[in-house]
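Inspection log for the structure reproduced underneath, given as structure tokens.
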Amino acid sequence: MHTLKLNIHDSLYDKVFQFLNTLPKNKVEILESKIIQDDWSHLESGIDEGLNSGMSDKSHEEIMADIKRKYA
């Protein structure tokens, strides 16, 4: 077997997942990455990198609030 990692845009996720579910279960194993919604620590390094880049004038708190508003 081979392992393939995909980053799929939200607008395509349902279509891709629906297609994968049509494949034979004994030949394809779907390993979905699940994020615990209350644990935002996995975003810390990305936010810090963004803050240090100087591309945004938002504070860490503003960025976290935007993310929670969008995904929580």
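Chains: A, B, ... in order of the structure tokens. Residues: from 1 per chain. Ligands: from 1, in order shown.
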
- Query: What lies within 12 Å of Leu31 in chain A using only C-alpha atoms, ignoring chain neighbours under 4 positions off, as JSON, numbers by chain?
  - Reply: {"A": [3, 4, 5, 6, 17, 20, 21]}

- Just the residues within 10 Å of range 43-58 of chain A, please, counting only C-alpha atoms, with nothing from its chain fewer than 5 positions along; format it as a PyMOL selection string. chain A and resi 63-64+67

Prev. selection, N, CA and C atoms, output as a PDB file, in the first residue's frame:
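Output below, filename result15.pdb:
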ATOM      1  N   ILE A  63      -5.949  37.507  15.763  1.00  0.00           N
ATOM      2  CA  ILE A  63      -5.852  36.377  14.842  1.00  0.00           C
ATOM      3  C   ILE A  63      -6.579  35.167  15.416  1.00  0.00           C
ATOM      4  N   MET A  64      -6.367  34.865  16.692  1.00  0.00           N
ATOM      5  CA  MET A  64      -7.035  33.725  17.327  1.00  0.00           C
ATOM      6  C   MET A  64      -8.549  33.934  17.323  1.00  0.00           C
ATOM      7  N   ILE A  67      -9.863  33.162  13.871  1.00  0.00           N
ATOM      8  CA  ILE A  67      -9.861  31.725  13.609  1.00  0.00           C
ATOM      9  C   ILE A  67     -11.013  31.042  14.337  1.00  0.00           C
TER      10      ILE A  67
END

- chain A: residues DSSP assigns to helix (DSSP H, G or I), reported as a count of residues only: 38
